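input04.cif (mmCIF, C-alpha atoms)
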data_model
#
loop_
_atom_site.group_PDB
_atom_site.id
_atom_site.type_symbol
_atom_site.label_atom_id
_atom_site.label_comp_id
_atom_site.auth_asym_id
_atom_site.auth_seq_id
_atom_site.Cartn_x
_atom_site.Cartn_y
_atom_site.Cartn_z
ATOM 1 C CA MET L 1 0.000 0.000 0.000
ATOM 2 C CA ASP L 2 1.126 3.530 -0.680
ATOM 3 C CA GLN L 3 2.771 5.199 2.339
ATOM 4 C CA HIS L 4 1.010 8.520 1.688
ATOM 5 C CA LYS L 5 -2.360 6.776 1.689
ATOM 6 C CA LEU L 6 -1.456 5.017 4.951
ATOM 7 C CA ARG L 7 -0.416 8.328 6.560
ATOM 8 C CA THR L 8 -3.698 9.935 5.510
ATOM 9 C CA LEU L 9 -5.725 6.972 6.711
ATOM 10 C CA VAL L 10 -4.016 6.908 10.125
ATOM 11 C CA PHE L 11 -4.445 10.660 10.550
ATOM 12 C CA GLU L 12 -8.151 10.536 9.566
ATOM 13 C CA LYS L 13 -8.897 7.677 11.974
ATOM 14 C CA THR L 14 -6.706 8.608 14.957
ATOM 15 C CA GLY L 15 -5.582 12.198 14.466
ATOM 16 C CA VAL L 16 -1.933 11.083 14.830
ATOM 17 C CA LYS L 17 0.538 12.411 12.260
ATOM 18 C CA ILE L 18 3.047 9.848 10.994
ATOM 19 C CA ASP L 19 6.189 10.795 9.093
ATOM 20 C CA ILE L 20 7.189 8.840 5.969
ATOM 21 C CA ASP L 21 10.433 7.831 7.696
ATOM 22 C CA ASP L 22 8.568 6.471 10.747
ATOM 23 C CA PRO L 23 9.604 2.905 11.765
ATOM 24 C CA VAL L 24 5.953 1.852 11.674
ATOM 25 C CA PHE L 25 6.274 1.583 7.889
ATOM 26 C CA ALA L 26 8.924 -1.118 8.373
ATOM 27 C CA LEU L 27 6.269 -3.118 10.240
ATOM 28 C CA VAL L 28 3.815 -2.510 7.395
ATOM 29 C CA ALA L 29 6.354 -3.858 4.856
ATOM 30 C CA LEU L 30 7.042 -6.866 7.084
ATOM 31 C CA ASN L 31 3.315 -7.492 7.426
ATOM 32 C CA GLU L 32 2.882 -7.378 3.625
ATOM 33 C CA ALA L 33 5.713 -9.892 3.134
ATOM 34 C CA VAL L 34 4.281 -12.306 5.716
ATOM 35 C CA LEU L 35 0.806 -11.943 4.266
ATOM 36 C CA GLU L 36 2.076 -12.573 0.719
ATOM 37 C CA ASP L 37 3.873 -15.739 1.833
ATOM 38 C CA ALA L 38 0.765 -17.014 3.639
ATOM 39 C CA VAL L 39 -1.410 -16.304 0.618
ATOM 40 C CA GLU L 40 0.996 -18.204 -1.675
ATOM 41 C CA ARG L 41 0.893 -21.237 0.613
ATOM 42 C CA HIS L 42 -2.893 -21.144 0.791
ATOM 43 C CA ILE L 43 -3.201 -20.831 -2.985
ATOM 44 C CA ALA L 44 -0.882 -23.807 -3.465
ATOM 45 C CA ALA L 45 -2.889 -25.871 -0.972
ATOM 46 C CA ILE L 46 -6.194 -24.917 -2.625
ATOM 47 C CA ASP L 47 -4.844 -25.716 -6.108
ATOM 48 C CA SER L 48 -3.586 -29.086 -4.930
ATOM 49 C CA ALA L 49 -6.882 -29.917 -3.211
ATOM 50 C CA THR L 50 -8.836 -28.839 -6.279
ATOM 51 C CA ARG L 51 -6.785 -31.036 -8.578
ATOM 52 C CA GLU L 52 -7.165 -33.980 -6.199
ATOM 53 C CA LEU L 53 -10.928 -33.421 -6.062
ATOM 54 C CA VAL L 54 -11.152 -33.264 -9.860
ATOM 55 C CA ARG L 55 -9.045 -36.413 -10.174
ATOM 56 C CA ARG L 56 -11.250 -38.316 -7.731
ATOM 57 C CA ALA L 57 -14.451 -37.094 -9.383
ATOM 58 C CA ARG L 58 -13.147 -38.228 -12.779
ATOM 59 C CA ASP L 59 -12.158 -41.622 -11.334
ATOM 60 C CA VAL L 60 -15.592 -42.143 -9.804
ATOM 61 C CA GLY L 61 -17.311 -41.018 -13.006
ATOM 62 C CA GLY L 62 -15.181 -43.318 -15.148
ATOM 63 C CA LEU L 63 -13.755 -40.442 -17.200
ATOM 64 C CA PRO L 64 -10.188 -40.347 -18.525
ATOM 65 C CA PRO L 65 -7.661 -38.305 -16.548
ATOM 66 C CA GLU L 66 -7.602 -34.581 -17.172
ATOM 67 C CA ARG L 67 -4.896 -33.220 -19.439
ATOM 68 C CA SER L 68 -2.283 -30.923 -18.005
ATOM 69 C CA VAL L 69 -3.404 -27.307 -17.696
ATOM 70 C CA GLU L 70 -1.058 -24.340 -17.612
ATOM 71 C CA HIS L 71 -1.083 -22.228 -14.448
ATOM 72 C CA ASP L 72 -2.941 -18.928 -14.810
ATOM 73 C CA ALA L 73 -0.883 -16.219 -13.104
ATOM 74 C CA SER L 74 -3.130 -13.354 -14.186
ATOM 75 C CA ASN L 75 -4.348 -12.702 -10.634
ATOM 76 C CA GLU L 76 -0.944 -12.619 -8.974
ATOM 77 C CA LEU L 77 0.662 -9.357 -7.883
ATOM 78 C CA ASP L 78 4.251 -10.397 -8.463
ATOM 79 C CA PRO L 79 5.250 -12.490 -11.504
ATOM 80 C CA GLY L 80 7.688 -14.514 -9.354
ATOM 81 C CA ALA L 81 5.146 -15.004 -6.577
ATOM 82 C CA GLY L 82 3.523 -18.064 -8.147
ATOM 83 C CA ALA L 83 6.640 -20.266 -8.062
ATOM 84 C CA ALA L 84 5.433 -22.245 -5.043
ATOM 85 C CA THR L 85 1.998 -22.582 -6.599
ATOM 86 C CA ARG L 86 3.418 -23.802 -9.895
ATOM 87 C CA SER L 87 5.648 -26.369 -8.189
ATOM 88 C CA ALA L 88 2.667 -27.695 -6.201
ATOM 89 C CA ALA L 89 0.572 -27.843 -9.375
ATOM 90 C CA ASP L 90 3.364 -29.642 -11.264
ATOM 91 C CA ALA L 91 3.660 -32.168 -8.436
ATOM 92 C CA ALA L 92 -0.102 -32.789 -8.508
ATOM 93 C CA LEU L 93 -0.080 -33.279 -12.285
ATOM 94 C CA SER L 94 2.859 -35.693 -12.215
ATOM 95 C CA GLN L 95 0.920 -38.290 -10.198
ATOM 96 C CA PRO L 96 -0.087 -41.331 -12.265
ATOM 97 C CA PRO L 97 -3.795 -41.438 -13.156
ATOM 98 C CA ALA L 98 -5.981 -43.925 -11.324
ATOM 99 C CA PRO L 99 -7.566 -46.676 -13.455
ATOM 100 C CA ALA L 100 -11.136 -46.070 -14.625
ATOM 101 C CA THR L 101 -13.781 -47.952 -12.663
ATOM 102 C CA LYS L 102 -15.822 -50.705 -14.322
ATOM 103 C CA ILE L 103 -19.584 -50.678 -14.674
ATOM 104 C CA THR L 104 -21.178 -52.651 -11.851
ATOM 105 C CA ARG L 105 -23.985 -55.209 -12.173
ATOM 106 C CA HIS L 106 -26.395 -52.750 -10.587
ATOM 107 C CA GLU L 107 -25.530 -50.125 -13.214
ATOM 108 C CA TRP L 108 -26.033 -52.703 -15.999
ATOM 109 C CA ARG L 109 -29.461 -53.518 -14.574
ATOM 110 C CA LEU L 110 -30.386 -49.839 -14.457
ATOM 111 C CA LEU L 111 -29.225 -49.444 -18.045
ATOM 112 C CA ALA L 112 -31.319 -52.444 -19.139
ATOM 113 C CA VAL L 113 -34.390 -51.093 -17.339
ATOM 114 C CA ALA L 114 -33.929 -47.670 -18.974
ATOM 115 C CA ALA L 115 -33.629 -49.292 -22.422
ATOM 116 C CA GLY L 116 -36.753 -51.381 -21.757
ATOM 117 C CA VAL L 117 -38.723 -48.315 -20.711
ATOM 118 C CA ALA L 118 -37.595 -46.490 -23.868
ATOM 119 C CA VAL L 119 -38.714 -49.381 -26.114
ATOM 120 C CA LEU L 120 -42.074 -49.715 -24.324
ATOM 121 C CA SER L 121 -42.645 -45.964 -24.618
ATOM 122 C CA ALA L 122 -41.977 -46.078 -28.355
ATOM 123 C CA LEU L 123 -44.389 -49.003 -28.761
ATOM 124 C CA LEU L 124 -47.050 -47.173 -26.753
ATOM 125 C CA VAL L 125 -46.735 -44.114 -28.979
ATOM 126 C CA LEU L 126 -47.016 -46.216 -32.145
ATOM 127 C CA ALA L 127 -50.040 -48.106 -30.775
ATOM 128 C CA GLY L 128 -51.754 -44.843 -29.836
ATOM 129 C CA GLN L 129 -51.103 -43.413 -33.267
ATOM 130 C CA ALA L 130 -52.518 -46.527 -34.937
ATOM 131 C CA ALA L 131 -55.575 -46.537 -32.666
ATOM 132 C CA PHE L 132 -56.495 -42.883 -33.116
ATOM 133 C CA THR L 133 -55.831 -42.335 -36.816
ATOM 134 C CA LYS L 134 -58.557 -43.198 -39.314
ATOM 135 C CA PRO L 135 -57.571 -45.417 -42.218
ATOM 136 C CA GLY L 136 -58.552 -44.249 -45.687
ATOM 137 C CA LEU L 137 -59.311 -40.871 -47.160
ATOM 138 C CA THR L 138 -61.031 -37.925 -45.559
ATOM 139 C CA SER L 139 -64.373 -36.741 -46.950
ATOM 140 C CA ALA L 140 -62.725 -33.766 -48.699
ATOM 141 C CA GLN L 141 -60.256 -36.063 -50.420
ATOM 142 C CA THR L 142 -63.054 -38.396 -51.511
ATOM 143 C CA ARG L 143 -65.061 -35.447 -52.969
ATOM 144 C CA SER L 144 -61.993 -34.206 -54.847
ATOM 145 C CA LEU L 145 -61.422 -37.632 -56.404
ATOM 146 C CA GLN L 146 -65.102 -37.892 -57.448
ATOM 147 C CA GLU L 147 -64.925 -34.434 -59.023
ATOM 148 C CA ALA L 148 -61.771 -35.409 -60.941
ATOM 149 C CA GLU L 149 -63.468 -38.564 -62.228
ATOM 150 C CA ARG L 150 -66.494 -36.532 -63.468
ATOM 151 C CA LEU L 151 -64.165 -34.087 -65.240
ATOM 152 C CA ARG L 152 -62.274 -36.933 -66.923
ATOM 153 C CA THR L 153 -65.550 -38.439 -68.122
ATOM 154 C CA ALA L 154 -66.727 -35.045 -69.436
ATOM 155 C CA ILE L 155 -63.445 -34.437 -71.279
ATOM 156 C CA ASN L 156 -63.608 -37.862 -72.912
ATOM 157 C CA GLN L 157 -67.106 -37.045 -74.331
ATOM 158 C CA LEU L 158 -65.824 -33.908 -76.126
ATOM 159 C CA ASP L 159 -64.767 -33.871 -79.783
ATOM 160 C CA PRO L 160 -61.121 -34.910 -80.402
ATOM 161 C CA GLU L 161 -59.834 -31.438 -81.360
ATOM 162 C CA LEU L 162 -61.224 -29.746 -78.258
ATOM 163 C CA ARG L 163 -60.064 -32.672 -76.104
ATOM 164 C CA ALA L 164 -56.491 -32.307 -77.433
ATOM 165 C CA GLU L 165 -56.581 -28.555 -76.769
ATOM 166 C CA ILE L 166 -57.783 -29.042 -73.155
ATOM 167 C CA GLN L 167 -55.172 -31.727 -72.494
ATOM 168 C CA ALA L 168 -52.468 -29.414 -73.899
ATOM 169 C CA GLN L 169 -53.646 -26.643 -71.530
ATOM 170 C CA LEU L 170 -53.669 -29.060 -68.553
ATOM 171 C CA SER L 171 -50.149 -30.268 -69.245
ATOM 172 C CA LYS L 172 -48.684 -26.730 -69.057
#
Encoding of this model in structure tokens:
Amino acid sequence: MDQHKLRTLVFEKTGVKIDIDDPVFALVALNEAVLEDAVERHIAAIDSATRELVRRARDVGGLPPERSVEHDASNELDPGAGAATRSAADAALSQPPAPATKITRHEWRLLAVAAGVAVLSALLVLAGQAAFTKPGLTSAQTRSLQEAERLRTAINQLDPELRAEIQAQLSK
């Protein structure tokens, strides 16, 4: 933190004036160093625990091990501050992956039941569709076919020249 800001803050809260050369600023610098070291250790521990949790979750879920991920140092104050974190992350990534778990008999049974339910549902839908749809043509379709048959009969009764002309117009 900026020493001028600290001086102003102390004066506003307590009314005590502190000089920039005051030994209290040595304690502030020491406090910052100790705090930075503690934060680095906590970040390394959290990263390690997170990777272990992800590894265990993947093992339980039967997923392949996660590929190595680069450390993101975008939230660190000092570029060299993440060295302990990176070494802890590298150590966590260098552990051999645990073998994937096999599917148990219970899981196979659940899978078979789910497949059976899916097949029965599909059959129920098809049976309902067959039961509620009417076979054959609708009344409008039947009327249209009867009208077409009457027109064909009427066209066939016309003289050949007019019939040829009508058929030429219909084919366009």
Exercise for the section: Work out how far apart CA of Leu9 (chain L) and CA of Glu40 (chain L) are and give it in Å to one decimal. Expected result: 27.4 Å
Enclose all atoms of region 127-142 of chain L listed in the file in an axis-aligned box, grow every side by 4 Å, and hand back centre and edge lengths in Å to one decimal, as lines of an AutoDock Vina configuration file.
center_x = -57.2
center_y = -40.9
center_z = -40.7
size_x = 22.3
size_y = 22.3
size_z = 29.7
Exercise for the section: Please measure the separation of CA of Ile20 (chain L) and CA of His4 (chain L), giving the value in Å to one decimal. Expected result: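 Separation of CA of Ile20 (chain L) and CA of His4 (chain L): 7.5 Å.
Between CA of Arg51 (chain L) and CA of Pro64 (chain L) the separation is 14.0 Å.
Residues matched by the PyMOL selection byres ((chain L and resi 25) around 12) in this file are Met1, Asp2, Gln3, His4, Lys5, Leu6, Arg7, Val10, Ile18, Asp19, Ile20, Asp21, Asp22, Pro23, Val24, Ala26, Leu27, Val28, Ala29, Leu30, Asn31 and Glu32 of chain L.
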